[in-house]
$ cat start_0.cif   # mmCIF, C-alpha atoms
data_upload
#
loop_
_atom_site.label_atom_id
_atom_site.label_comp_id
_atom_site.auth_asym_id
_atom_site.auth_seq_id
_atom_site.Cartn_x
_atom_site.Cartn_y
_atom_site.Cartn_z
CA MET P 184 191.20 -147.93 -29.99
CA PRO P 185 192.88 -144.93 -31.71
CA PRO P 186 193.59 -141.83 -29.62
CA PRO P 187 191.17 -138.91 -29.88
CA PRO P 188 191.94 -136.33 -32.54
CA PRO P 189 194.13 -133.42 -31.45
CA HIS P 190 191.23 -131.00 -31.65
CA ALA P 191 189.04 -132.99 -29.25
CA PRO P 192 188.19 -130.67 -26.34
CA ARG P 193 189.69 -131.60 -23.00
CA SER P 194 186.45 -130.60 -21.27
CA HIS P 195 184.66 -133.52 -22.93
CA GLY P 196 186.95 -135.99 -21.16
CA LEU P 197 186.49 -134.20 -17.85
CA ARG P 198 182.71 -134.35 -18.19
CA SER P 199 182.93 -138.06 -18.95
CA HIS P 200 185.07 -138.71 -15.88
CA GLY P 201 182.75 -136.56 -13.79
CA LEU P 202 179.70 -138.55 -14.85
CA ARG P 203 181.51 -141.79 -14.13
CA PHE P 204 182.52 -140.51 -10.71
CA ALA P 205 178.94 -139.44 -9.92
CA PHE P 206 177.22 -142.67 -10.97
CA GLY P 207 180.04 -144.90 -9.73
CA THR P 208 180.05 -143.47 -6.21
CA LEU P 209 176.39 -142.51 -5.73
CA SER P 210 174.69 -145.58 -7.20
CA VAL P 211 175.13 -149.30 -7.79
CA LEU P 212 174.86 -148.88 -11.55
CA PRO P 213 177.73 -150.69 -13.32
CA VAL P 214 179.84 -147.63 -14.04
CA LYS P 215 183.61 -147.87 -13.69
CA VAL P 216 185.24 -144.90 -11.99
CA SER P 217 188.48 -144.37 -13.88
CA ARG P 218 189.73 -141.28 -12.03
CA TRP P 219 189.66 -140.40 -8.32
CA ASP P 220 191.42 -137.05 -8.43
CA ARG P 221 189.95 -133.70 -7.40
CA GLU P 222 189.00 -132.75 -10.96
CA ALA P 223 186.95 -135.91 -11.41
CA ALA P 224 185.38 -135.39 -7.97
CA ARG P 225 184.45 -131.82 -8.91
CA GLY P 226 182.74 -132.96 -12.08
CA GLY P 227 181.08 -135.81 -10.23
CA MET P 228 179.55 -133.61 -7.55
CA LEU P 229 178.36 -131.11 -10.15
CA CYS P 230 176.69 -134.03 -11.97
CA ALA P 231 175.16 -135.48 -8.78
CA PRO P 232 171.62 -134.22 -9.56
CA LEU P 233 171.69 -136.29 -12.78
CA VAL P 234 172.08 -139.39 -10.63
CA GLY P 235 168.94 -138.29 -8.81
CA VAL P 236 167.09 -138.00 -12.13
CA VAL P 237 167.97 -141.58 -13.09
CA LEU P 238 167.21 -143.07 -9.66
CA GLY P 239 164.02 -141.04 -9.26
CA CYS P 240 162.72 -141.96 -12.70
CA GLY P 241 163.46 -145.61 -12.03
CA ALA P 242 161.57 -145.51 -8.73
CA ALA P 243 158.63 -143.64 -10.27
CA CYS P 244 158.39 -146.13 -13.15
CA VAL P 245 158.20 -149.12 -10.80
CA ALA P 246 155.59 -147.36 -8.65
CA LEU P 247 153.49 -146.47 -11.70
CA VAL P 248 153.61 -150.05 -12.98
CA LEU P 249 152.26 -151.22 -9.63
CA LEU P 250 149.46 -148.65 -9.78
CA PHE P 251 148.63 -149.78 -13.32
CA LEU P 252 148.42 -153.37 -12.09
CA GLY P 253 145.94 -152.36 -9.39
CA ALA P 254 148.13 -151.72 -6.36
CA GLY P 255 147.16 -149.00 -3.91
CA PRO P 256 149.01 -145.74 -3.28
CA LEU P 257 150.57 -147.05 -0.06
CA LEU P 258 152.33 -149.92 -1.81
CA ALA P 259 153.42 -147.57 -4.60
CA ALA P 260 154.84 -145.23 -1.95
CA VAL P 261 156.79 -148.01 -0.24
CA VAL P 262 158.30 -149.06 -3.56
CA ALA P 263 159.10 -145.45 -4.54
CA ALA P 264 161.03 -145.06 -1.28
CA ALA P 265 162.67 -148.48 -1.49
CA VAL P 266 164.00 -148.39 -5.07
CA PRO P 267 166.46 -145.49 -4.50
CA ALA P 268 167.66 -147.24 -1.34
CA VAL P 269 168.28 -150.44 -3.30
CA LEU P 270 170.01 -148.59 -6.14
CA THR P 271 172.42 -147.00 -3.63
CA ARG P 272 172.85 -150.08 -1.41
CA GLY P 273 171.31 -148.02 1.38
CA LEU P 274 174.34 -145.72 1.28
CA HIS P 275 172.49 -142.55 2.25
CA LEU P 276 170.27 -144.23 4.82
CA ASP P 277 173.32 -145.75 6.47
CA GLY P 278 174.96 -142.33 6.50
CA LEU P 279 171.86 -140.79 8.05
CA ALA P 280 171.84 -143.38 10.83
CA ASP P 281 175.56 -142.97 11.55
CA THR P 282 175.25 -139.19 11.58
CA ALA P 283 172.35 -139.39 14.02
CA ASP P 284 174.41 -141.65 16.29
CA GLY P 285 177.34 -139.26 16.17
CA LEU P 286 175.26 -136.20 16.89
CA GLY P 287 173.16 -137.96 19.51
CA SER P 288 176.16 -139.22 21.43
CA GLY P 289 176.93 -135.74 22.74
CA LYS P 290 180.64 -136.64 22.79
CA PRO P 291 183.61 -134.61 21.50
CA ALA P 292 184.25 -134.62 17.78
CA GLU P 293 186.94 -137.32 17.82
CA ASP P 294 184.78 -139.73 19.83
CA ALA P 295 181.67 -138.94 17.78
CA LEU P 296 183.55 -139.64 14.54
CA ARG P 297 184.72 -142.96 15.97
CA ILE P 298 181.12 -143.88 16.81
CA MET P 299 180.03 -142.99 13.28
CA LYS P 300 182.72 -145.23 11.80
CA GLN P 301 181.52 -148.32 13.66
CA SER P 302 179.56 -150.85 11.62
CA ASP P 303 176.63 -151.18 14.02
CA ILE P 304 173.71 -148.75 14.34
CA GLY P 305 172.87 -147.27 17.71
CA PRO P 306 169.50 -146.20 19.15
CA PHE P 307 169.65 -142.67 17.74
CA GLY P 308 170.29 -144.07 14.27
CA VAL P 309 167.43 -146.55 14.48
CA ILE P 310 164.94 -143.96 15.70
CA THR P 311 165.99 -141.50 13.01
CA LEU P 312 165.69 -144.11 10.25
CA VAL P 313 162.22 -145.17 11.40
CA PHE P 314 160.81 -141.65 11.49
CA VAL P 315 162.45 -140.55 8.24
CA LEU P 316 161.22 -143.59 6.31
CA PHE P 317 157.74 -143.25 7.81
CA ALA P 318 157.66 -139.60 6.77
CA GLN P 319 158.79 -140.41 3.23
CA VAL P 320 156.26 -143.22 2.77
CA ALA P 321 153.43 -141.18 4.31
CA ALA P 322 154.11 -138.21 2.02
CA LEU P 323 154.48 -140.39 -1.08
CA SER P 324 151.31 -142.31 -0.26
CA GLN P 325 149.36 -139.06 -0.03
CA LEU P 326 150.82 -137.84 -3.33
CA TYR P 327 150.21 -141.08 -5.25
CA GLY P 328 146.72 -141.13 -3.76
CA ALA P 329 146.10 -137.64 -5.16
CA SER P 330 147.24 -138.63 -8.67
CA TRP P 331 149.87 -140.76 -10.34
CA ALA P 332 151.44 -137.62 -11.82
CA ARG P 333 151.90 -135.93 -8.44
CA GLY P 334 153.42 -139.07 -6.99
CA ALA P 335 155.81 -139.55 -9.88
CA LEU P 336 156.86 -135.90 -9.88
CA ALA P 337 157.53 -135.97 -6.14
CA THR P 338 159.55 -139.16 -6.45
CA VAL P 339 161.84 -137.62 -9.06
CA VAL P 340 162.06 -134.14 -7.49
CA SER P 341 162.96 -135.52 -4.06
CA ALA P 342 165.67 -137.76 -5.52
CA VAL P 343 167.16 -134.85 -7.46
CA ALA P 344 166.96 -132.48 -4.47
CA ALA P 345 168.78 -135.07 -2.34
CA ARG P 346 171.72 -135.17 -4.75
CA LEU P 347 171.67 -131.41 -5.27
CA ALA P 348 172.22 -131.09 -1.52
CA LEU P 349 175.44 -133.07 -2.00
CA THR P 350 176.61 -130.64 -4.69
CA LEU P 351 176.15 -127.72 -2.30
CA ALA P 352 177.77 -129.57 0.59
CA ALA P 353 180.87 -130.20 -1.55
CA ARG P 354 181.36 -126.48 -2.19
CA ALA P 355 184.59 -124.65 -1.50
CA GLY P 356 185.00 -123.63 2.12
CA VAL P 357 183.40 -126.73 3.66
CA PRO P 358 186.22 -128.79 5.23
CA ALA P 359 186.53 -132.54 5.65
CA ALA P 360 186.34 -133.95 9.18
CA ARG P 361 188.75 -136.79 8.33
CA PRO P 362 191.78 -136.91 6.04
CA GLU P 363 190.49 -140.08 4.36
CA GLY P 364 187.24 -141.46 2.96
CA LEU P 365 184.71 -140.25 0.41
CA GLY P 366 183.99 -137.13 2.41
CA ALA P 367 187.61 -136.04 2.19
CA ALA P 368 187.69 -136.86 -1.53
CA VAL P 369 184.84 -134.48 -2.38
CA ALA P 370 184.97 -131.85 0.38
CA GLY P 371 185.50 -128.38 -1.05
CA VAL P 372 185.86 -129.48 -4.68
CA VAL P 373 182.91 -127.52 -6.12
CA PRO P 374 183.35 -123.78 -6.76
CA VAL P 375 180.65 -121.73 -5.07
CA ARG P 376 179.61 -120.19 -8.40
CA GLY P 377 179.25 -123.64 -9.91
CA ALA P 378 177.13 -124.85 -7.00
CA VAL P 379 174.86 -121.82 -7.30
CA ALA P 380 174.52 -122.27 -11.06
CA VAL P 381 173.52 -125.93 -10.68
CA THR P 382 171.06 -125.01 -7.92
CA LEU P 383 169.36 -122.39 -10.09
CA ALA P 384 169.21 -124.77 -13.05
CA VAL P 385 167.73 -127.63 -11.02
CA THR P 386 165.19 -125.37 -9.32
CA GLY P 387 164.10 -123.96 -12.68
CA VAL P 388 163.68 -127.41 -14.22
CA ALA P 389 161.73 -128.60 -11.17
CA ALA P 390 159.40 -125.60 -11.45
CA ALA P 391 158.89 -126.35 -15.15
CA ALA P 392 158.03 -129.95 -14.28
CA GLY P 393 155.44 -128.66 -11.83
CA ALA P 394 153.97 -126.53 -14.62
CA LEU P 395 153.52 -129.65 -16.74
CA LEU P 396 150.96 -130.93 -14.25
CA GLY P 397 148.75 -128.00 -15.15
CA ALA P 398 149.51 -128.20 -18.86
CA TYR P 399 148.04 -131.69 -18.97
CA GLY P 400 145.06 -130.83 -16.80
CA MET P 401 146.33 -132.66 -13.74
CA THR P 402 145.98 -129.71 -11.39
CA TYR P 403 143.68 -126.78 -10.89
CA ASP P 404 146.31 -124.11 -10.34
CA VAL P 405 149.43 -124.14 -12.49
CA ALA P 406 151.09 -121.22 -10.71
CA TYR P 407 150.57 -122.90 -7.34
CA ASP P 408 152.26 -126.10 -8.53
CA VAL P 409 155.17 -124.17 -10.05
CA VAL P 410 155.78 -122.29 -6.82
CA ARG P 411 155.31 -125.34 -4.60
CA THR P 412 157.72 -127.48 -6.61
CA ALA P 413 160.38 -124.76 -6.57
CA LEU P 414 159.81 -124.20 -2.85
CA ALA P 415 160.15 -127.94 -2.22
CA VAL P 416 163.64 -127.89 -3.73
CA LEU P 417 164.66 -124.73 -1.85
CA ALA P 418 163.24 -125.99 1.44
CA ALA P 419 165.10 -129.27 0.97
CA LEU P 420 168.35 -127.39 0.46
CA ALA P 421 167.68 -125.14 3.47
CA ALA P 422 167.09 -128.15 5.73
CA ALA P 423 170.24 -129.85 4.43
CA GLU P 424 172.22 -126.64 4.94
CA LEU P 425 171.13 -126.40 8.57
CA LEU P 426 172.25 -129.98 9.17
CA LEU P 427 175.50 -129.35 7.30
CA ARG P 428 176.38 -126.36 9.45
CA HIS P 429 175.54 -128.24 12.63
CA CYS P 430 177.67 -131.22 11.59
CA THR P 431 180.55 -128.94 10.59
CA ARG P 432 180.48 -127.33 14.02
CA ARG P 433 180.21 -130.66 15.86
CA PHE P 434 182.64 -132.76 13.82
CA GLY P 435 184.94 -130.11 12.39
CA GLY P 436 183.84 -130.86 8.84
CA VAL P 437 181.99 -133.33 6.67
CA THR P 438 182.30 -137.08 6.20
CA GLY P 439 180.74 -139.56 3.82
CA ASP P 440 178.13 -140.30 6.50
CA VAL P 441 177.23 -136.63 6.76
CA PHE P 442 176.70 -136.50 2.99
CA GLY P 443 174.29 -139.42 3.32
CA GLY P 444 172.42 -137.67 6.13
CA LEU P 445 172.15 -134.51 4.05
CA ALA P 446 170.69 -136.42 1.10
CA GLU P 447 167.99 -138.12 3.16
CA THR P 448 167.17 -134.89 4.99
CA ALA P 449 166.73 -133.05 1.69
CA ALA P 450 164.62 -135.83 0.14
CA THR P 451 162.30 -136.03 3.14
CA THR P 452 161.85 -132.26 3.32
CA ALA P 453 161.02 -132.05 -0.38
CA LEU P 454 158.40 -134.79 -0.06
CA VAL P 455 156.78 -133.15 2.97
CA VAL P 456 156.52 -129.79 1.21
CA LEU P 457 155.09 -131.37 -1.95
CA SER P 458 152.48 -133.26 0.09
CA LEU P 459 151.12 -130.11 1.72
CA GLY P 460 147.79 -128.97 0.37
CA ASN P 461 146.94 -132.25 -1.39
#
$ encode --input "start_0.cif" --output "structure tokens"
Amino acid sequence: MPPPPPHAPRSHGLRSHGLRFAFGTLSVLPVKVSRWDREAARGGMLCAPLVGVVLGCGAACVALVLLFLGAGPLLAAVVAAAVPAVLTRGLHLDGLADTADGLGSGKPAEDALRIMKQSDIGPFGVITLVFVLFAQVAALSQLYGASWARGALATVVSAVAARLALTLAARAGVPAARPEGLGAAVAGVVPVRGAVAVTLAVTGVAAAAGALLGAYGMTYDVAYDVVRTALAVLAALAAAELLLRHCTRRFGGVTGDVFGGLAETAATTALVVLSLGN
């Protein structure tokens, strides 16, 4: 293949590597990660919400097909929660469980990090997984029961909010707890201004998606849905930020497991907020 022309912008290549990094590390989609340096990691974490769009849309489509075939909202909710887990090989759920075990151990940072690195899941991890998955399925079931549009919107918004939480957690100033691993590769790579810009953009798009419910006559109060959808994203980020700060204090920084815990915390919070008032 001939080399790109001399006038080809370098930023185009960086965006391509960033997308590859995002989809290659945050999903099981067959995307080859060709660069593992800090620049690629920065682009990848800035593109993380796009991974949420793809995974969320995939989950919503499967759930809607089941509803069309006559399945109930509970089954649609289970599938909507399961598809993102399958498309990430349970990466975030595993991280959530390991983070819960580390925090629940009550041991010093070094010992807690060693517990998190073990392959088995302890009692704190199991309990956390059970309650988080129950909360996600319960919220999604209520939303799909209200209307297919609300359920689909919540599925996508929660998936995007989960990955947006990763963008914010990778901002400059947040240290890595270990010198190796995915957490160390992405810790501190995102400029604060870039993280804020992506947050504002995602929140605005989410609010616009909430407005579409009213535009197509699927809700009685357009303004209410706009505000609630935006608040769901902001509440998800606030919950993830609280966990991030706690983990940073306890472990001395972030790890790949902590990133997984942040994603699931954000997704669950978004779903709970979106289910209120239905």
$ resolve_selection --input "start_0.cif" --expression "the PyMOL selection byres ((chain P and resi 297-302) around 8)" --output "ChimeraX atom specification"
/P:281-282,284-285,293-296,303-304,440
$ resolve_selection --input "start_0.cif" --expression "the PyMOL selection byres ((chain P and resi 247-251) around 12)" --output "VMD selection string"
chain P and resid 240 to 246 252 to 263 324 327 to 328 330 to 336 338
$ residues_around --input "start_0.cif" --residues "region 196-207 of chain P" --least-positions-apart "6" --cutoff "12 Å" --atoms "only C-alpha atoms" --output "mmCIF file with C-alpha atoms, keeping the file's coordinate frame"
data_model
loop_
_atom_site.group_PDB
_atom_site.id
_atom_site.type_symbol
_atom_site.label_atom_id
_atom_site.label_comp_id
_atom_site.auth_asym_id
_atom_site.auth_seq_id
_atom_site.Cartn_x
_atom_site.Cartn_y
_atom_site.Cartn_z
ATOM 1 C CA PRO P 187 191.170 -138.910 -29.880
ATOM 2 C CA PRO P 213 177.730 -150.690 -13.320
ATOM 3 C CA VAL P 214 179.840 -147.630 -14.040
ATOM 4 C CA LYS P 215 183.610 -147.870 -13.690
ATOM 5 C CA VAL P 216 185.240 -144.900 -11.990
ATOM 6 C CA SER P 217 188.480 -144.370 -13.880
ATOM 7 C CA ARG P 218 189.730 -141.280 -12.030
ATOM 8 C CA TRP P 219 189.660 -140.400 -8.320
ATOM 9 C CA ASP P 220 191.420 -137.050 -8.430
ATOM 10 C CA ARG P 221 189.950 -133.700 -7.400
ATOM 11 C CA GLU P 222 189.000 -132.750 -10.960
ATOM 12 C CA ALA P 223 186.950 -135.910 -11.410
ATOM 13 C CA ALA P 224 185.380 -135.390 -7.970
ATOM 14 C CA ARG P 225 184.450 -131.820 -8.910
ATOM 15 C CA GLY P 226 182.740 -132.960 -12.080
ATOM 16 C CA GLY P 227 181.080 -135.810 -10.230
ATOM 17 C CA MET P 228 179.550 -133.610 -7.550
ATOM 18 C CA LEU P 229 178.360 -131.110 -10.150
ATOM 19 C CA CYS P 230 176.690 -134.030 -11.970
ATOM 20 C CA ALA P 231 175.160 -135.480 -8.780
ATOM 21 C CA PRO P 232 171.620 -134.220 -9.560
ATOM 22 C CA LEU P 233 171.690 -136.290 -12.780
ATOM 23 C CA VAL P 234 172.080 -139.390 -10.630
ATOM 24 C CA GLY P 235 168.940 -138.290 -8.810
ATOM 25 C CA VAL P 236 167.090 -138.000 -12.130
ATOM 26 C CA VAL P 237 167.970 -141.580 -13.090
ATOM 27 C CA LEU P 238 167.210 -143.070 -9.660
ATOM 28 C CA LEU P 270 170.010 -148.590 -6.140
ATOM 29 C CA THR P 271 172.420 -147.000 -3.630
ATOM 30 C CA ARG P 346 171.720 -135.170 -4.750
ATOM 31 C CA LEU P 347 171.670 -131.410 -5.270
ATOM 32 C CA LEU P 349 175.440 -133.070 -2.000
ATOM 33 C CA THR P 350 176.610 -130.640 -4.690
ATOM 34 C CA LEU P 365 184.710 -140.250 0.410
ATOM 35 C CA ALA P 368 187.690 -136.860 -1.530
ATOM 36 C CA VAL P 369 184.840 -134.480 -2.380
ATOM 37 C CA VAL P 372 185.860 -129.480 -4.680
ATOM 38 C CA VAL P 373 182.910 -127.520 -6.120
#
$ atom_distance --input "start_0.cif" --atom1 "CA of Gly364 (chain P)" --atom2 "CA of Thr438 (chain P)"
7.4 Å
$ resolve_selection --input "start_0.cif" --expression "the PyMOL selection byres ((chain P and resi 408) around 10)" --output "PyMOL selection string"
chain P and resi 333+390-397+402-407+409-414+457
$ atom_distance --input "start_0.cif" --atom1 "CA of Pro374 (chain P)" --atom2 "CA of Val343 (chain P)"
19.6 Å
$ closest_residue --input "start_0.cif" --among "P:Gly308, P:Gly273, P:Gly439, P:Gly444" --to "Leu427 (chain P)" --atoms "only C-alpha atoms"
P:Gly444
$ residues_near_point --input "start_0.cif" --point "(183.2, -134.6, 13.3)" --cutoff "7 Å" --atoms "only C-alpha atoms" --output "short mmCIF file (atom, residue, chain, number, x, y, z; two decimals) with C-alpha atoms, keeping the file's coordinate frame"
data_model
loop_
_atom_site.label_atom_id
_atom_site.label_comp_id
_atom_site.auth_asym_id
_atom_site.auth_seq_id
_atom_site.Cartn_x
_atom_site.Cartn_y
_atom_site.Cartn_z
CA ALA P 292 184.25 -134.62 17.78
CA GLU P 293 186.94 -137.32 17.82
CA ALA P 295 181.67 -138.94 17.78
CA LEU P 296 183.55 -139.64 14.54
CA ALA P 360 186.34 -133.95 9.18
CA CYS P 430 177.67 -131.22 11.59
CA THR P 431 180.55 -128.94 10.59
CA ARG P 433 180.21 -130.66 15.86
CA PHE P 434 182.64 -132.76 13.82
CA GLY P 435 184.94 -130.11 12.39
CA GLY P 436 183.84 -130.86 8.84
CA VAL P 437 181.99 -133.33 6.67
#
$ residues_near_point --input "start_0.cif" --point "(181.5, -121.8, -3.3)" --cutoff "9 Å" --atoms "only C-alpha atoms" --output "VMD selection string"
chain P and resid 351 353 to 357 371 to 379
$ axis_aligned_box --input "start_0.cif" --around "region 426-441 of chain P" --padding-each-side "4 Å" --output "JSON"
{"center_x": 178.6, "center_y": -133.3, "center_z": 9.8, "size_x": 20.7, "size_y": 21.9, "size_z": 20.0}
$ residues_around --input "start_0.cif" --residues "Ala449 (chain P)" --least-positions-apart "5" --cutoff "7 Å" --atoms "all atoms listed in the file" --output "ChimeraX atom specification"
/P:344-345,348,419-420,422-423
$ atom_distance --input "start_0.cif" --atom1 "CA of Ala450 (chain P)" --atom2 "CA of Leu383 (chain P)"
17.5 Å
$ decode --input "start_0.cif" --residues "region 241-251 of chain P" --atoms "all heavy atoms" --output "short mmCIF file (atom, residue, chain, number, x, y, z; two decimals), in the first residue's frame"
data_model
loop_
_atom_site.label_atom_id
_atom_site.label_comp_id
_atom_site.auth_asym_id
_atom_site.auth_seq_id
_atom_site.Cartn_x
_atom_site.Cartn_y
_atom_site.Cartn_z
N GLY P 241 -25.99 -2.10 20.33
CA GLY P 241 -26.09 -3.53 20.10
C GLY P 241 -27.00 -4.20 21.12
O GLY P 241 -27.85 -5.03 20.77
N ALA P 242 -26.85 -3.83 22.39
CA ALA P 242 -27.69 -4.40 23.45
C ALA P 242 -29.15 -4.00 23.26
O ALA P 242 -30.06 -4.83 23.42
CB ALA P 242 -27.18 -3.94 24.81
N ALA P 243 -29.39 -2.73 22.93
CA ALA P 243 -30.76 -2.26 22.73
C ALA P 243 -31.42 -2.97 21.55
O ALA P 243 -32.60 -3.33 21.61
CB ALA P 243 -30.77 -0.75 22.52
N CYS P 244 -30.67 -3.19 20.49
CA CYS P 244 -31.24 -3.86 19.30
C CYS P 244 -31.68 -5.28 19.63
O CYS P 244 -32.76 -5.72 19.24
CB CYS P 244 -30.22 -3.88 18.17
SG CYS P 244 -30.00 -2.29 17.35
N VAL P 245 -30.84 -6.02 20.37
CA VAL P 245 -31.21 -7.39 20.74
C VAL P 245 -32.43 -7.38 21.65
O VAL P 245 -33.35 -8.20 21.48
CB VAL P 245 -30.03 -8.10 21.43
CG1 VAL P 245 -30.42 -9.49 21.88
CG2 VAL P 245 -28.83 -8.18 20.49
N ALA P 246 -32.48 -6.46 22.60
CA ALA P 246 -33.63 -6.37 23.50
C ALA P 246 -34.91 -6.03 22.74
O ALA P 246 -35.98 -6.61 23.00
CB ALA P 246 -33.37 -5.32 24.58
N LEU P 247 -34.81 -5.12 21.77
CA LEU P 247 -35.99 -4.73 21.00
C LEU P 247 -36.48 -5.87 20.10
O LEU P 247 -37.69 -6.03 19.90
CB LEU P 247 -35.68 -3.49 20.16
CG LEU P 247 -35.44 -2.21 20.95
CD1 LEU P 247 -35.10 -1.05 20.02
CD2 LEU P 247 -36.65 -1.86 21.81
N VAL P 248 -35.56 -6.65 19.57
CA VAL P 248 -35.96 -7.81 18.77
C VAL P 248 -36.75 -8.79 19.63
O VAL P 248 -37.79 -9.33 19.21
CB VAL P 248 -34.73 -8.50 18.15
CG1 VAL P 248 -35.10 -9.87 17.57
CG2 VAL P 248 -34.13 -7.63 17.05
N LEU P 249 -36.29 -9.01 20.85
CA LEU P 249 -37.02 -9.91 21.76
C LEU P 249 -38.41 -9.36 22.07
O LEU P 249 -39.38 -10.12 22.11
CB LEU P 249 -36.22 -10.10 23.04
CG LEU P 249 -35.00 -11.01 22.95
CD1 LEU P 249 -34.25 -11.04 24.28
CD2 LEU P 249 -35.41 -12.42 22.56
N LEU P 250 -38.51 -8.07 22.31
CA LEU P 250 -39.83 -7.48 22.56
C LEU P 250 -40.74 -7.65 21.35
O LEU P 250 -41.92 -7.96 21.49
CB LEU P 250 -39.68 -5.99 22.90
CG LEU P 250 -39.07 -5.64 24.27
CD1 LEU P 250 -38.90 -4.13 24.40
CD2 LEU P 250 -39.94 -6.18 25.40
N PHE P 251 -40.18 -7.45 20.16
CA PHE P 251 -40.96 -7.61 18.93
C PHE P 251 -41.46 -9.04 18.77
O PHE P 251 -42.56 -9.28 18.25
CB PHE P 251 -40.10 -7.21 17.73
CG PHE P 251 -40.77 -7.41 16.41
CD1 PHE P 251 -41.73 -6.51 15.95
CD2 PHE P 251 -40.45 -8.51 15.60
CE1 PHE P 251 -42.36 -6.71 14.73
CE2 PHE P 251 -41.07 -8.71 14.38
CZ PHE P 251 -42.04 -7.81 13.94
#
